[in-house]
Amino acid sequence: MNYSLRQLKVFVTVARARSFSRAGEIIGLSQSAVSHSVKELEHQTGVRLLDRTTREVVLTEAGQQLAGRLERLLDELNSTLRDAGRVGQQLTGTVRVAASQTISAHLIPQCIAASGQQYPDIDFVLHDRPQQWVLESIRQGEVDFGIVIDPGAVSDLACEAVLSEPFFLLCREDHPFAAMASVPWQALQGSRLVLQDYASGSRPLIDAALEKHRIAASIVQEIGHPATLFPMVEAGIGISILPALALPLPQGSRLVVKRLAPVVERQLMLARRKNRSLSTAAQALWDVVAREAQVLTRARVHDPLYRS
């Protein structure tokens, strides 16, 4: 039998008010609509629930039993729904966020600090892994959302761009490129390059830029962790191309970074599973990351390194 919640609420209201007209006033229905709803319920249950008189309605024995049970059930349902509403609005709990090592090291710390000040009851748990692991962990629901380098055309993720940043050339201070204001891509022809491997979301973008400018370079080392690029270049193994978030340079190093011309940028994006809503707490931290990315963008405006 298919009983509607509306039917049950109407019947309980009539049972309390002992009148179709008074019940209608309480729940905002006409007397005829209230009467029709009760008749439908009686038809579906197969028993008379009310005896109608000219002065009032009287509950039958079956009606009294049903009304008593329904009142308790509806009260419990209302309480459950209120609790669910409170949970949905709570800015508490644990939010798991995934990001690659470079993003984790140079953007996420500010996000964790800001979220701690604004939302002290939310635990911001970071998973720093390579890009492909981050994307898979989002898809599998192992994290609430992630910060990734533009994954391209993906149908199962909802993405929001939050930061555009350039790639720079990394070389030693005694390298010929160190004396140049900016380095044209064509100047990399024949160079020995130390690059991140394909676990990095930046590597396909670097490859595409090299191919676009028809650069025949020698990839002498492919590195998993971005921090390893610095000692490799300082040791003279080669030069490198790295994203802005890999900065600053290690203190006391003999390294310099130079703008590449023309500018090639990467897009950093917030990503979550498509058609899956975030919890209130996760949405709050999503917004924190977006704001901190804007803060970083504004801070770079006056830095000569970012002026083309």
# chains A, B, ... in the order shown; residues from 1 in each chain; ligands from 1

$ residues_around --residues "segment 41-52 of chain A" --least-positions-apart "4" --cutoff "8 Å" --atoms "only C-alpha atoms" --output "PDB file with N, CA and C atoms, in the first residue's frame"
ATOM      1  N   MET A   1       0.847  -1.195   0.000  1.00  0.00           N
ATOM      2  CA  MET A   1       0.000   0.000   0.000  1.00  0.00           C
ATOM      3  C   MET A   1       0.882   1.245   0.000  1.00  0.00           C
ATOM      4  N   ASN A   2       0.440   2.236  -0.729  1.00  0.00           N
ATOM      5  CA  ASN A   2       1.246   3.439  -0.912  1.00  0.00           C
ATOM      6  C   ASN A   2       0.629   4.608  -0.157  1.00  0.00           C
ATOM      7  N   TYR A   3       1.059   4.793   1.075  1.00  0.00           N
ATOM      8  CA  TYR A   3       0.564   5.911   1.872  1.00  0.00           C
ATOM      9  C   TYR A   3       1.505   7.092   1.693  1.00  0.00           C
ATOM     10  N   GLN A   7      -0.831  12.412   3.696  1.00  0.00           N
ATOM     11  CA  GLN A   7      -2.042  11.768   4.202  1.00  0.00           C
ATOM     12  C   GLN A   7      -1.947  11.495   5.702  1.00  0.00           C
ATOM     13  N   LEU A   8      -0.805  10.996   6.120  1.00  0.00           N
ATOM     14  CA  LEU A   8      -0.629  10.642   7.525  1.00  0.00           C
ATOM     15  C   LEU A   8      -0.663  11.881   8.414  1.00  0.00           C
ATOM     16  N   SER A  37      -8.664  13.409   1.871  1.00  0.00           N
ATOM     17  CA  SER A  37      -7.409  12.757   2.244  1.00  0.00           C
ATOM     18  C   SER A  37      -7.662  11.626   3.242  1.00  0.00           C
ATOM     19  N   GLU A  56     -18.930  16.718  15.359  1.00  0.00           N
ATOM     20  CA  GLU A  56     -17.514  16.435  15.473  1.00  0.00           C
ATOM     21  C   GLU A  56     -17.181  15.118  14.810  1.00  0.00           C
ATOM     22  N   VAL A  57     -15.892  14.849  14.745  1.00  0.00           N
ATOM     23  CA  VAL A  57     -15.451  13.542  14.266  1.00  0.00           C
ATOM     24  C   VAL A  57     -14.898  12.799  15.469  1.00  0.00           C
ATOM     25  N   VAL A  58     -15.174  11.495  15.498  1.00  0.00           N
ATOM     26  CA  VAL A  58     -14.753  10.669  16.621  1.00  0.00           C
ATOM     27  C   VAL A  58     -13.902   9.528  16.087  1.00  0.00           C
ATOM     28  N   LEU A  59     -12.790   9.295  16.722  1.00  0.00           N
ATOM     29  CA  LEU A  59     -11.896   8.218  16.308  1.00  0.00           C
ATOM     30  C   LEU A  59     -12.495   6.863  16.637  1.00  0.00           C
ATOM     31  N   THR A  60     -12.446   5.954  15.683  1.00  0.00           N
ATOM     32  CA  THR A  60     -12.793   4.570  15.967  1.00  0.00           C
ATOM     33  C   THR A  60     -11.652   3.942  16.761  1.00  0.00           C
ATOM     34  N   GLU A  61     -11.826   2.710  17.191  1.00  0.00           N
ATOM     35  CA  GLU A  61     -10.757   2.043  17.930  1.00  0.00           C
ATOM     36  C   GLU A  61      -9.505   1.912  17.063  1.00  0.00           C
ATOM     37  N   ALA A  62      -9.715   1.538  15.783  1.00  0.00           N
ATOM     38  CA  ALA A  62      -8.579   1.424  14.867  1.00  0.00           C
ATOM     39  C   ALA A  62      -7.937   2.794  14.655  1.00  0.00           C
ATOM     40  N   GLY A  63      -8.779   3.847  14.573  1.00  0.00           N
ATOM     41  CA  GLY A  63      -8.269   5.196  14.373  1.00  0.00           C
ATOM     42  C   GLY A  63      -7.445   5.672  15.555  1.00  0.00           C
ATOM     43  N   GLN A  64      -7.941   5.356  16.792  1.00  0.00           N
ATOM     44  CA  GLN A  64      -7.194   5.750  17.992  1.00  0.00           C
ATOM     45  C   GLN A  64      -5.821   5.094  18.028  1.00  0.00           C
TER      46      GLN A  64
END

$ residues_around --residues "segment 178-186 of chain A" --least-positions-apart "2" --cutoff "10 Å" --atoms "only C-alpha atoms" --output "VMD selection string"
chain A and resid 168 to 176 188 to 190 209 to 210 212 to 216 255 to 264 305 308

$ atom_distance --atom1 "atom CA of Glu160 of chain A" --atom2 "atom CA of Ile103 of chain A"
15.6 Å

$ residues_around --residues "Val220 of chain A" --least-positions-apart "4" --cutoff "9 Å" --atoms "only C-alpha atoms" --output "ChimeraX atom specification"
/A:192-195,237-238

$ write_last_selection --atoms "N, CA and C atoms" --output "PDB file, in the first residue's frame"
ATOM      1  N   ARG A 192      70.744  20.369 -22.089  1.00  0.00           N
ATOM      2  CA  ARG A 192      70.550  19.209 -21.227  1.00  0.00           C
ATOM      3  C   ARG A 192      69.525  19.594 -20.157  1.00  0.00           C
ATOM      4  N   LEU A 193      68.423  18.868 -20.105  1.00  0.00           N
ATOM      5  CA  LEU A 193      67.317  19.222 -19.221  1.00  0.00           C
ATOM      6  C   LEU A 193      67.121  18.184 -18.113  1.00  0.00           C
ATOM      7  N   VAL A 194      66.891  18.693 -16.934  1.00  0.00           N
ATOM      8  CA  VAL A 194      66.465  17.869 -15.801  1.00  0.00           C
ATOM      9  C   VAL A 194      65.007  18.241 -15.543  1.00  0.00           C
ATOM     10  N   LEU A 195      64.095  17.277 -15.731  1.00  0.00           N
ATOM     11  CA  LEU A 195      62.666  17.570 -15.625  1.00  0.00           C
ATOM     12  C   LEU A 195      61.988  16.603 -14.654  1.00  0.00           C
ATOM     13  N   ILE A 237      74.270  19.209 -13.645  1.00  0.00           N
ATOM     14  CA  ILE A 237      73.794  18.092 -14.463  1.00  0.00           C
ATOM     15  C   ILE A 237      72.992  18.596 -15.662  1.00  0.00           C
ATOM     16  N   GLY A 238      72.324  19.722 -15.499  1.00  0.00           N
ATOM     17  CA  GLY A 238      71.556  20.310 -16.580  1.00  0.00           C
ATOM     18  C   GLY A 238      70.797  21.520 -16.071  1.00  0.00           C
TER      19      GLY A 238
END

$ closest_residue --among "A:Glu265, A:Glu165, A:Glu222, A:Glu25" --to "Leu205 of chain A" --atoms "only C-alpha atoms"
A:Glu265

$ closest_residue --among "A:Lys9, A:Ser21, A:Arg272, A:Arg291" --to "Glu142 of chain A" --atoms "only C-alpha atoms"
A:Arg272

$ closest_residue --among "A:Pro250, A:Gly146, A:Val14, A:Ala105" --to "Trp133 of chain A" --atoms "only C-alpha atoms"
A:Gly146

$ atom_distance --atom1 "atom CA of Ala99 of chain A" --atom2 "atom CA of Ser164 of chain A"
15.9 Å
